[in-house]
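J.: Just so it is clear, I am handing over my_file-v2.txt, which has compact mmCIF, N, CA and C atoms.
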```txt
# COMPACT_ATOMS: atom_id res chain seq x y z
N GLN A 1 125.65 107.26 91.02
CA GLN A 1 125.08 106.19 90.23
C GLN A 1 123.79 105.71 90.86
N VAL A 2 122.99 104.98 90.09
CA VAL A 2 121.72 104.47 90.59
C VAL A 2 121.98 103.42 91.67
N GLN A 3 121.31 103.63 92.79
CA GLN A 3 121.38 102.63 93.87
C GLN A 3 119.98 102.33 94.36
N LEU A 4 119.69 101.06 94.51
CA LEU A 4 118.42 100.59 95.05
C LEU A 4 118.75 99.58 96.14
N VAL A 5 118.28 99.83 97.36
CA VAL A 5 118.60 98.97 98.48
C VAL A 5 117.31 98.52 99.16
N GLU A 6 117.01 97.25 99.00
CA GLU A 6 115.80 96.68 99.59
C GLU A 6 116.08 96.22 101.02
N SER A 7 115.03 96.24 101.82
CA SER A 7 115.12 95.73 103.18
C SER A 7 113.73 95.29 103.63
N GLY A 8 113.68 94.58 104.75
CA GLY A 8 112.41 94.20 105.34
C GLY A 8 112.02 92.75 105.16
N GLY A 9 112.78 92.01 104.37
CA GLY A 9 112.46 90.61 104.21
C GLY A 9 112.70 89.83 105.50
N ALA A 10 111.96 88.74 105.65
CA ALA A 10 112.07 87.95 106.87
C ALA A 10 111.37 86.61 106.68
N LEU A 11 111.49 85.78 107.71
CA LEU A 11 110.72 84.53 107.79
C LEU A 11 109.43 84.85 108.54
N VAL A 12 108.30 84.51 107.95
CA VAL A 12 107.02 84.82 108.56
C VAL A 12 106.08 83.64 108.35
N GLN A 13 105.12 83.50 109.26
CA GLN A 13 104.16 82.41 109.13
C GLN A 13 103.07 82.76 108.11
N SER A 14 102.49 81.74 107.54
CA SER A 14 101.37 81.94 106.62
C SER A 14 100.29 82.78 107.30
N GLY A 15 99.77 83.74 106.56
CA GLY A 15 98.78 84.66 107.11
C GLY A 15 99.37 85.93 107.70
N GLY A 16 100.68 85.96 107.83
CA GLY A 16 101.34 87.11 108.42
C GLY A 16 101.54 88.26 107.44
N SER A 17 102.18 89.30 107.94
CA SER A 17 102.40 90.51 107.14
C SER A 17 103.87 90.93 107.21
N LEU A 18 104.29 91.61 106.17
CA LEU A 18 105.60 92.23 106.12
C LEU A 18 105.50 93.51 105.32
N ARG A 19 106.39 94.44 105.61
CA ARG A 19 106.52 95.62 104.77
C ARG A 19 107.96 95.71 104.27
N LEU A 20 108.10 95.67 102.97
CA LEU A 20 109.40 95.83 102.35
C LEU A 20 109.63 97.30 102.02
N SER A 21 110.89 97.69 102.06
CA SER A 21 111.29 99.05 101.69
C SER A 21 112.38 98.99 100.64
N CYS A 22 112.45 100.02 99.85
CA CYS A 22 113.53 100.15 98.87
C CYS A 22 113.98 101.60 98.87
N ALA A 23 115.19 101.82 99.33
CA ALA A 23 115.76 103.17 99.35
C ALA A 23 116.46 103.43 98.02
N ALA A 24 116.07 104.50 97.36
CA ALA A 24 116.58 104.79 96.03
C ALA A 24 117.45 106.04 96.05
N SER A 25 118.48 106.05 95.22
CA SER A 25 119.32 107.23 95.09
C SER A 25 119.99 107.21 93.72
N GLY A 26 120.51 108.37 93.32
CA GLY A 26 121.27 108.46 92.08
C GLY A 26 120.46 108.75 90.84
N PHE A 27 119.17 108.97 91.00
CA PHE A 27 118.31 109.33 89.87
C PHE A 27 117.10 110.07 90.42
N PRO A 28 116.37 110.78 89.55
CA PRO A 28 115.20 111.54 90.04
C PRO A 28 114.03 110.61 90.34
N PHE A 29 114.01 110.13 91.56
CA PHE A 29 113.05 109.10 92.00
C PHE A 29 111.61 109.52 91.71
N SER A 30 111.27 110.75 92.02
CA SER A 30 109.87 111.18 91.91
C SER A 30 109.39 111.24 90.46
N GLY A 31 110.30 111.12 89.52
CA GLY A 31 109.91 111.18 88.12
C GLY A 31 109.82 109.82 87.45
N HIS A 32 109.98 108.76 88.23
CA HIS A 32 110.04 107.43 87.65
C HIS A 32 108.99 106.48 88.19
N VAL A 33 108.37 105.74 87.28
CA VAL A 33 107.59 104.58 87.68
C VAL A 33 108.53 103.60 88.38
N MET A 34 108.03 102.98 89.43
CA MET A 34 108.84 101.99 90.16
C MET A 34 108.11 100.65 90.18
N THR A 35 108.91 99.61 90.23
CA THR A 35 108.39 98.26 90.12
C THR A 35 108.92 97.38 91.25
N TRP A 36 108.05 96.56 91.78
CA TRP A 36 108.47 95.44 92.65
C TRP A 36 108.36 94.17 91.83
N SER A 37 109.40 93.39 91.84
CA SER A 37 109.35 92.09 91.20
C SER A 37 109.85 91.05 92.19
N ARG A 38 109.67 89.78 91.87
CA ARG A 38 110.13 88.71 92.74
C ARG A 38 110.58 87.52 91.91
N GLN A 39 111.43 86.74 92.52
CA GLN A 39 111.86 85.50 91.90
C GLN A 39 111.64 84.37 92.89
N ARG A 40 110.68 83.55 92.60
CA ARG A 40 110.39 82.40 93.45
C ARG A 40 111.34 81.27 93.10
N PRO A 41 111.57 80.34 94.03
CA PRO A 41 112.50 79.24 93.78
C PRO A 41 112.13 78.46 92.52
N GLY A 42 113.07 78.33 91.62
CA GLY A 42 112.85 77.57 90.41
C GLY A 42 112.01 78.26 89.36
N LYS A 43 111.66 79.53 89.59
CA LYS A 43 110.80 80.26 88.66
C LYS A 43 111.54 81.47 88.10
N GLU A 44 111.00 82.00 87.03
CA GLU A 44 111.55 83.23 86.47
C GLU A 44 111.05 84.43 87.28
N ARG A 45 111.81 85.52 87.18
CA ARG A 45 111.41 86.74 87.87
C ARG A 45 110.09 87.24 87.29
N GLU A 46 109.21 87.73 88.17
CA GLU A 46 107.92 88.23 87.72
C GLU A 46 107.62 89.57 88.39
N VAL A 47 106.87 90.39 87.68
CA VAL A 47 106.49 91.68 88.24
C VAL A 47 105.33 91.48 89.20
N VAL A 48 105.48 92.02 90.39
CA VAL A 48 104.46 91.90 91.42
C VAL A 48 103.59 93.15 91.47
N ALA A 49 104.22 94.31 91.37
CA ALA A 49 103.48 95.57 91.46
C ALA A 49 104.25 96.66 90.75
N GLN A 50 103.50 97.60 90.21
CA GLN A 50 104.11 98.76 89.56
C GLN A 50 103.33 99.99 89.99
N ILE A 51 104.06 101.04 90.34
CA ILE A 51 103.40 102.23 90.86
C ILE A 51 103.84 103.44 90.06
N THR A 52 102.89 104.33 89.79
CA THR A 52 103.20 105.52 89.00
C THR A 52 104.16 106.43 89.75
N SER A 53 104.72 107.38 89.03
CA SER A 53 105.73 108.26 89.62
C SER A 53 105.16 109.07 90.78
N SER A 54 103.90 109.45 90.68
CA SER A 54 103.28 110.23 91.75
C SER A 54 102.79 109.36 92.90
N GLY A 55 102.65 108.08 92.63
CA GLY A 55 102.10 107.17 93.63
C GLY A 55 100.59 107.13 93.63
N SER A 56 99.97 107.78 92.67
CA SER A 56 98.51 107.88 92.67
C SER A 56 97.82 106.60 92.27
N SER A 57 98.54 105.73 91.56
CA SER A 57 97.93 104.45 91.20
C SER A 57 98.98 103.37 91.05
N ALA A 58 98.53 102.13 91.16
CA ALA A 58 99.42 100.99 91.05
C ALA A 58 98.68 99.83 90.41
N SER A 59 99.43 98.96 89.80
CA SER A 59 98.88 97.74 89.24
C SER A 59 99.57 96.55 89.88
N TYR A 60 98.88 95.41 89.90
CA TYR A 60 99.36 94.25 90.65
C TYR A 60 99.22 92.96 89.87
N LEU A 61 100.13 92.04 90.18
CA LEU A 61 100.00 90.66 89.73
C LEU A 61 98.68 90.12 90.28
N GLU A 62 97.97 89.38 89.46
CA GLU A 62 96.64 88.91 89.86
C GLU A 62 96.67 88.17 91.20
N SER A 63 97.68 87.36 91.40
CA SER A 63 97.72 86.51 92.60
C SER A 63 97.98 87.29 93.89
N VAL A 64 98.36 88.56 93.79
CA VAL A 64 98.61 89.35 95.01
C VAL A 64 97.59 90.47 95.19
N LYS A 65 96.71 90.63 94.24
CA LYS A 65 95.70 91.69 94.35
C LYS A 65 94.88 91.53 95.62
N GLY A 66 94.67 92.64 96.31
CA GLY A 66 93.92 92.62 97.55
C GLY A 66 94.75 92.26 98.76
N ARG A 67 95.98 91.80 98.55
CA ARG A 67 96.86 91.43 99.68
C ARG A 67 98.08 92.33 99.76
N PHE A 68 98.59 92.76 98.61
CA PHE A 68 99.80 93.59 98.55
C PHE A 68 99.43 95.01 98.16
N THR A 69 100.15 95.97 98.72
CA THR A 69 99.95 97.37 98.37
C THR A 69 101.30 98.05 98.19
N ALA A 70 101.51 98.62 97.03
CA ALA A 70 102.72 99.39 96.77
C ALA A 70 102.45 100.86 97.08
N SER A 71 103.45 101.51 97.65
CA SER A 71 103.35 102.94 97.91
C SER A 71 104.75 103.53 97.85
N ARG A 72 104.82 104.83 97.91
CA ARG A 72 106.12 105.48 97.82
C ARG A 72 106.10 106.80 98.56
N ASP A 73 107.28 107.21 99.02
CA ASP A 73 107.46 108.51 99.65
C ASP A 73 108.48 109.26 98.79
N ASN A 74 107.98 110.17 97.99
CA ASN A 74 108.86 110.88 97.05
C ASN A 74 109.71 111.95 97.71
N LEU A 75 109.45 112.25 98.96
CA LEU A 75 110.33 113.17 99.69
C LEU A 75 111.53 112.42 100.26
N LYS A 76 111.29 111.18 100.67
CA LYS A 76 112.37 110.37 101.23
C LYS A 76 113.02 109.44 100.22
N ASN A 77 112.47 109.39 99.01
CA ASN A 77 112.98 108.48 97.96
C ASN A 77 112.92 107.02 98.40
N ILE A 78 111.80 106.62 98.93
CA ILE A 78 111.62 105.25 99.39
C ILE A 78 110.36 104.65 98.75
N LEU A 79 110.52 103.44 98.31
CA LEU A 79 109.43 102.64 97.77
C LEU A 79 109.06 101.58 98.79
N TYR A 80 107.77 101.31 98.91
CA TYR A 80 107.31 100.31 99.89
C TYR A 80 106.46 99.24 99.22
N LEU A 81 106.43 98.08 99.87
CA LEU A 81 105.48 97.04 99.49
C LEU A 81 104.93 96.45 100.78
N GLN A 82 103.67 96.74 101.07
CA GLN A 82 102.99 96.15 102.21
C GLN A 82 102.39 94.84 101.76
N MET A 83 102.75 93.77 102.46
CA MET A 83 102.29 92.44 102.09
C MET A 83 101.50 91.85 103.25
N ASN A 84 100.24 91.59 103.02
CA ASN A 84 99.37 91.00 104.04
C ASN A 84 98.89 89.63 103.59
N SER A 85 98.38 88.88 104.55
CA SER A 85 97.84 87.53 104.25
C SER A 85 98.82 86.73 103.42
N LEU A 86 100.05 86.71 103.86
CA LEU A 86 101.10 86.03 103.09
C LEU A 86 100.85 84.54 103.02
N LYS A 87 101.25 83.99 101.88
CA LYS A 87 101.08 82.55 101.62
C LYS A 87 102.45 81.93 101.34
N PRO A 88 102.58 80.63 101.54
CA PRO A 88 103.86 79.99 101.23
C PRO A 88 104.32 80.25 99.79
N GLU A 89 103.40 80.37 98.88
CA GLU A 89 103.78 80.61 97.48
C GLU A 89 104.29 82.03 97.24
N ASP A 90 104.23 82.88 98.24
CA ASP A 90 104.85 84.21 98.14
C ASP A 90 106.34 84.17 98.48
N THR A 91 106.83 83.01 98.92
CA THR A 91 108.25 82.88 99.22
C THR A 91 109.08 83.21 97.98
N ALA A 92 109.98 84.15 98.12
CA ALA A 92 110.76 84.63 96.96
C ALA A 92 111.80 85.64 97.43
N VAL A 93 112.69 85.96 96.52
CA VAL A 93 113.53 87.14 96.69
C VAL A 93 112.79 88.29 96.00
N TYR A 94 112.60 89.37 96.73
CA TYR A 94 111.87 90.52 96.20
C TYR A 94 112.85 91.62 95.85
N TYR A 95 112.64 92.19 94.67
CA TYR A 95 113.52 93.23 94.15
C TYR A 95 112.72 94.49 93.81
N CYS A 96 113.31 95.63 94.03
CA CYS A 96 112.73 96.83 93.43
C CYS A 96 113.49 97.14 92.15
N ARG A 97 112.82 97.78 91.25
CA ARG A 97 113.37 98.05 89.92
C ARG A 97 113.03 99.45 89.48
N ALA A 98 114.04 100.09 88.89
CA ALA A 98 113.83 101.40 88.26
C ALA A 98 114.35 101.32 86.83
N ASP A 99 113.61 101.84 85.90
CA ASP A 99 114.04 101.89 84.51
C ASP A 99 114.59 103.30 84.27
N VAL A 100 115.89 103.39 84.25
CA VAL A 100 116.55 104.70 84.17
C VAL A 100 117.33 104.77 82.86
N SER A 101 116.99 105.77 82.05
CA SER A 101 117.65 105.95 80.76
C SER A 101 117.64 104.68 79.93
N GLY A 102 116.52 103.99 79.97
CA GLY A 102 116.37 102.79 79.16
C GLY A 102 117.02 101.54 79.73
N VAL A 103 117.59 101.63 80.90
CA VAL A 103 118.26 100.48 81.51
C VAL A 103 117.50 100.06 82.77
N ARG A 104 117.21 98.78 82.88
CA ARG A 104 116.55 98.27 84.08
C ARG A 104 117.59 98.10 85.18
N ARG A 105 117.32 98.75 86.29
CA ARG A 105 118.21 98.67 87.45
C ARG A 105 117.49 97.94 88.56
N TYR A 106 118.16 96.99 89.19
CA TYR A 106 117.61 96.24 90.32
C TYR A 106 118.48 96.43 91.54
N GLY A 107 117.85 96.30 92.69
CA GLY A 107 118.61 96.21 93.93
C GLY A 107 119.11 94.80 94.12
N GLN A 108 119.68 94.56 95.29
CA GLN A 108 120.25 93.25 95.57
C GLN A 108 119.20 92.24 95.99
N GLY A 109 118.01 92.74 96.32
CA GLY A 109 116.93 91.85 96.71
C GLY A 109 116.86 91.62 98.21
N THR A 110 115.68 91.22 98.66
CA THR A 110 115.47 90.86 100.06
C THR A 110 114.63 89.59 100.10
N GLN A 111 115.04 88.64 100.95
CA GLN A 111 114.41 87.33 100.99
C GLN A 111 113.17 87.35 101.87
N VAL A 112 112.07 86.87 101.31
CA VAL A 112 110.84 86.66 102.06
C VAL A 112 110.54 85.17 102.06
N THR A 113 110.41 84.61 103.24
CA THR A 113 110.09 83.19 103.37
C THR A 113 108.82 83.05 104.20
N VAL A 114 107.84 82.39 103.63
CA VAL A 114 106.56 82.20 104.32
C VAL A 114 106.39 80.72 104.64
N SER A 115 106.32 80.42 105.92
CA SER A 115 106.17 79.03 106.34
C SER A 115 104.70 78.67 106.43
N ALA A 116 104.43 77.39 106.16
CA ALA A 116 103.03 76.93 106.17
C ALA A 116 102.49 76.84 107.59
```
How would this structure read if it were set down as structure tokens?
T.:
Amino acid sequence: QVQLVESGGALVQSGGSLRLSCAASGFPFSGHVMTWSRQRPGKEREVVAQITSSGSSASYLESVKGRFTASRDNLKNILYLQMNSLKPEDTAVYYCRADVSGVRRYGQGTQVTVSA
């Protein structure tokens, strides 16, 4: 079955960096667009980044452009999100998402907390 396992979340100071990972299994990872989304406290879940199946291009939420970079390793079936210049407003639970056979699949999420 589809499994997505995020890791790498932590408490970090404003201006710091983190790299999130998402280990994927149970579906042909290299053939799927992958998405990072987040849910900030009291807010609805929002898409942060989306990367093509090959990893050749990605699109980003306006507020993270120039700070976040999505990438993937299709040999290891791992999705990454490099987050630099973190801000307190980036505090959220971050999820990776795969749309498999028309169904959105999410991992359990990883908590990122950015202190001022």
J.: Using DSSP assignments from the backbone, pull out every residue in chain A that falls under helix (DSSP H, G or I) and give it to me as a PyMOL selection string.
T.: chain A and resi 29-31+62-64+88-90
J.: Store the residues of this selection in a file with N, CA and C atoms, as a PDB file, in the frame of the given file.
T.:
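Okay, result_36.pdb is ready:
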```
ATOM      1  N   PHE A  29     114.010 110.130  91.560  1.00  0.00           N
ATOM      2  CA  PHE A  29     113.050 109.100  92.000  1.00  0.00           C
ATOM      3  C   PHE A  29     111.610 109.520  91.710  1.00  0.00           C
ATOM      4  N   SER A  30     111.270 110.750  92.020  1.00  0.00           N
ATOM      5  CA  SER A  30     109.870 111.180  91.910  1.00  0.00           C
ATOM      6  C   SER A  30     109.390 111.240  90.460  1.00  0.00           C
ATOM      7  N   GLY A  31     110.300 111.120  89.520  1.00  0.00           N
ATOM      8  CA  GLY A  31     109.910 111.180  88.120  1.00  0.00           C
ATOM      9  C   GLY A  31     109.820 109.820  87.450  1.00  0.00           C
ATOM     10  N   GLU A  62      97.970  89.380  89.460  1.00  0.00           N
ATOM     11  CA  GLU A  62      96.640  88.910  89.860  1.00  0.00           C
ATOM     12  C   GLU A  62      96.670  88.170  91.200  1.00  0.00           C
ATOM     13  N   SER A  63      97.680  87.360  91.400  1.00  0.00           N
ATOM     14  CA  SER A  63      97.720  86.510  92.600  1.00  0.00           C
ATOM     15  C   SER A  63      97.980  87.290  93.890  1.00  0.00           C
ATOM     16  N   VAL A  64      98.360  88.560  93.790  1.00  0.00           N
ATOM     17  CA  VAL A  64      98.610  89.350  95.010  1.00  0.00           C
ATOM     18  C   VAL A  64      97.590  90.470  95.190  1.00  0.00           C
ATOM     19  N   PRO A  88     102.580  80.630 101.540  1.00  0.00           N
ATOM     20  CA  PRO A  88     103.860  79.990 101.230  1.00  0.00           C
ATOM     21  C   PRO A  88     104.320  80.250  99.790  1.00  0.00           C
ATOM     22  N   GLU A  89     103.400  80.370  98.880  1.00  0.00           N
ATOM     23  CA  GLU A  89     103.780  80.610  97.480  1.00  0.00           C
ATOM     24  C   GLU A  89     104.290  82.030  97.240  1.00  0.00           C
ATOM     25  N   ASP A  90     104.230  82.880  98.240  1.00  0.00           N
ATOM     26  CA  ASP A  90     104.850  84.210  98.140  1.00  0.00           C
ATOM     27  C   ASP A  90     106.340  84.170  98.480  1.00  0.00           C
TER      28      ASP A  90
END
```
J.: For the point (116.2, 93.7, 96.6) in file coordinates, what residues are within 5 Å, counting all atoms listed in the file? Give the answer as a list in words?
T.: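 Those residues lying close to the given coordinates are Glu6, Tyr94, Tyr95, Cys96, Gly107, Gln108, Gly109 and Thr110 of chain A.
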J.: Which value, in Å to one decimal, gives the distance between atom N of Val103 (chain A) and atom C of Lys43 (chain A)?
T.: 22.2 Å
J.: Against region 22-26 of chain A, which residues of region 41-115 of chain A fall within 7 Å? For each one I want the closest pair of atoms and the distance in Å (one decimal), counting only N, CA and C atoms, rows by chain and increasing residue number, as CSV.
T.:
```
residue,atom,partner,partner_atom,distance
A:Lys76,C,A:Ala24,N,6.5
A:Asn77,C,A:Ala24,N,4.2
A:Ile78,CA,A:Cys22,C,4.4
A:Leu79,C,A:Cys22,N,3.9
A:Tyr80,N,A:Cys22,N,4.9
A:Leu81,N,A:Cys22,N,6.3
A:Cys96,CA,A:Cys22,CA,6.4
```
J.: Near Ala49 (chain A), within 8 Å and counting all atoms listed in the file, which residues show up once chain neighbours fewer than 2 positions away are dropped, as number ranges by chain?
T.: A: 34-38, 46-47, 51-52, 58-61, 68-70
J.: What gap, in Å, lies between CA of Leu86 (chain A) and CA of Gly15 (chain A)?
T.: 4.8 Å
J.: What does the distance between atom N of Gly8 (chain A) and atom N of Gly102 (chain A) come to in Å, to one decimal place?
T.: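 Between atom N of Gly8 (chain A) and atom N of Gly102 (chain A) the gap works out to 26.7 Å.
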J.: Using only N, CA and C atoms, which of A:Pro88, A:Asp99, A:Met83, A:Glu44 sits nearest His32 (chain A)?
T.: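 Of the candidates, the smallest distance to His32 (chain A) is held by A:Asp99.
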J.: Name the residues in contact with Tyr106 (chain A) at a cut-off of 6 Å, using all atoms listed in the file, excluding same-chain residues fewer than 3 positions from it; report them as a ChimeraX atom specification.
T.: /A:4,96-98
J.: Could you tell me which of A:Gln39, A:Arg67, A:Ser30, A:Val112 comes closest to Gly55 (chain A) if we count all atoms listed in the file?
T.: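 Of A:Gln39, A:Arg67, A:Ser30, A:Val112, the one nearest Gly55 (chain A), counting all atoms listed in the file, is A:Ser30.
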J.: From a DSSP pass on the backbone, collect the residues of chain A flagged as strand (DSSP E) and hand them back as a VMD selection string.
T.: chain A and resid 3 to 7 11 to 13 18 to 25 34 to 39 46 to 51 58 to 60 68 to 73 78 to 83 92 to 100 103 to 106 110 to 115
J.: Kindly complete region 48-59 of chain A to all heavy atoms; the output should be written as a PDB file, in the frame of the given file.
T.:
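This went into rebuild.pdb:
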```
ATOM      1  N   VAL A  48     105.480  92.020  90.390  1.00  0.00           N
ATOM      2  CA  VAL A  48     104.460  91.900  91.420  1.00  0.00           C
ATOM      3  C   VAL A  48     103.590  93.150  91.470  1.00  0.00           C
ATOM      4  O   VAL A  48     102.370  93.062  91.589  1.00  0.00           O
ATOM      5  CB  VAL A  48     105.124  91.678  92.791  1.00  0.00           C
ATOM      6  CG1 VAL A  48     104.093  91.723  93.909  1.00  0.00           C
ATOM      7  CG2 VAL A  48     105.891  90.364  92.807  1.00  0.00           C
ATOM      8  N   ALA A  49     104.220  94.310  91.370  1.00  0.00           N
ATOM      9  CA  ALA A  49     103.480  95.570  91.460  1.00  0.00           C
ATOM     10  C   ALA A  49     104.250  96.660  90.750  1.00  0.00           C
ATOM     11  O   ALA A  49     105.492  96.633  90.709  1.00  0.00           O
ATOM     12  CB  ALA A  49     103.251  95.966  92.923  1.00  0.00           C
ATOM     13  N   GLN A  50     103.500  97.600  90.210  1.00  0.00           N
ATOM     14  CA  GLN A  50     104.110  98.760  89.560  1.00  0.00           C
ATOM     15  C   GLN A  50     103.330  99.990  89.990  1.00  0.00           C
ATOM     16  O   GLN A  50     102.094  99.956  89.996  1.00  0.00           O
ATOM     17  CB  GLN A  50     104.081  98.589  88.049  1.00  0.00           C
ATOM     18  CG  GLN A  50     105.067  99.444  87.307  1.00  0.00           C
ATOM     19  CD  GLN A  50     105.263  98.956  85.886  1.00  0.00           C
ATOM     20  OE1 GLN A  50     104.316  98.896  85.113  1.00  0.00           O
ATOM     21  NE2 GLN A  50     106.494  98.623  85.532  1.00  0.00           N
ATOM     22  N   ILE A  51     104.060 101.040  90.340  1.00  0.00           N
ATOM     23  CA  ILE A  51     103.400 102.230  90.860  1.00  0.00           C
ATOM     24  C   ILE A  51     103.840 103.440  90.060  1.00  0.00           C
ATOM     25  O   ILE A  51     105.000 103.564  89.681  1.00  0.00           O
ATOM     26  CB  ILE A  51     103.700 102.398  92.376  1.00  0.00           C
ATOM     27  CG1 ILE A  51     102.903 103.559  92.977  1.00  0.00           C
ATOM     28  CG2 ILE A  51     105.185 102.547  92.636  1.00  0.00           C
ATOM     29  CD1 ILE A  51     102.932 103.586  94.503  1.00  0.00           C
ATOM     30  N   THR A  52     102.890 104.330  89.790  1.00  0.00           N
ATOM     31  CA  THR A  52     103.200 105.520  89.000  1.00  0.00           C
ATOM     32  C   THR A  52     104.160 106.430  89.750  1.00  0.00           C
ATOM     33  O   THR A  52     104.381 106.287  90.954  1.00  0.00           O
ATOM     34  CB  THR A  52     101.910 106.283  88.684  1.00  0.00           C
ATOM     35  OG1 THR A  52     101.260 106.642  89.925  1.00  0.00           O
ATOM     36  CG2 THR A  52     100.959 105.427  87.845  1.00  0.00           C
ATOM     37  N   SER A  53     104.720 107.380  89.030  1.00  0.00           N
ATOM     38  CA  SER A  53     105.730 108.260  89.620  1.00  0.00           C
ATOM     39  C   SER A  53     105.160 109.070  90.780  1.00  0.00           C
ATOM     40  O   SER A  53     105.859 109.332  91.762  1.00  0.00           O
ATOM     41  CB  SER A  53     106.309 109.194  88.562  1.00  0.00           C
ATOM     42  OG  SER A  53     105.289 109.941  87.935  1.00  0.00           O
ATOM     43  N   SER A  54     103.900 109.450  90.680  1.00  0.00           N
ATOM     44  CA  SER A  54     103.280 110.230  91.750  1.00  0.00           C
ATOM     45  C   SER A  54     102.790 109.360  92.900  1.00  0.00           C
ATOM     46  O   SER A  54     102.507 109.861  93.989  1.00  0.00           O
ATOM     47  CB  SER A  54     102.100 111.032  91.201  1.00  0.00           C
ATOM     48  OG  SER A  54     101.060 110.155  90.810  1.00  0.00           O
ATOM     49  N   GLY A  55     102.650 108.080  92.630  1.00  0.00           N
ATOM     50  CA  GLY A  55     102.100 107.170  93.630  1.00  0.00           C
ATOM     51  C   GLY A  55     100.590 107.130  93.630  1.00  0.00           C
ATOM     52  O   GLY A  55      99.992 106.486  94.497  1.00  0.00           O
ATOM     53  N   SER A  56      99.970 107.780  92.670  1.00  0.00           N
ATOM     54  CA  SER A  56      98.510 107.880  92.670  1.00  0.00           C
ATOM     55  C   SER A  56      97.820 106.600  92.270  1.00  0.00           C
ATOM     56  O   SER A  56      96.647 106.388  92.586  1.00  0.00           O
ATOM     57  CB  SER A  56      98.065 109.014  91.745  1.00  0.00           C
ATOM     58  OG  SER A  56      98.485 108.765  90.415  1.00  0.00           O
ATOM     59  N   SER A  57      98.540 105.730  91.560  1.00  0.00           N
ATOM     60  CA  SER A  57      97.930 104.450  91.200  1.00  0.00           C
ATOM     61  C   SER A  57      98.980 103.370  91.050  1.00  0.00           C
ATOM     62  O   SER A  57     100.175 103.655  90.853  1.00  0.00           O
ATOM     63  CB  SER A  57      97.121 104.583  89.905  1.00  0.00           C
ATOM     64  OG  SER A  57      97.966 104.863  88.825  1.00  0.00           O
ATOM     65  N   ALA A  58      98.530 102.130  91.160  1.00  0.00           N
ATOM     66  CA  ALA A  58      99.420 100.990  91.050  1.00  0.00           C
ATOM     67  C   ALA A  58      98.680  99.830  90.410  1.00  0.00           C
ATOM     68  O   ALA A  58      97.450  99.746  90.479  1.00  0.00           O
ATOM     69  CB  ALA A  58      99.944 100.589  92.434  1.00  0.00           C
ATOM     70  N   SER A  59      99.430  98.960  89.800  1.00  0.00           N
ATOM     71  CA  SER A  59      98.880  97.740  89.240  1.00  0.00           C
ATOM     72  C   SER A  59      99.570  96.550  89.880  1.00  0.00           C
ATOM     73  O   SER A  59     100.716  96.672  90.359  1.00  0.00           O
ATOM     74  CB  SER A  59      99.060  97.706  87.711  1.00  0.00           C
ATOM     75  OG  SER A  59     100.423  97.792  87.376  1.00  0.00           O
TER      76      SER A  59
END
```
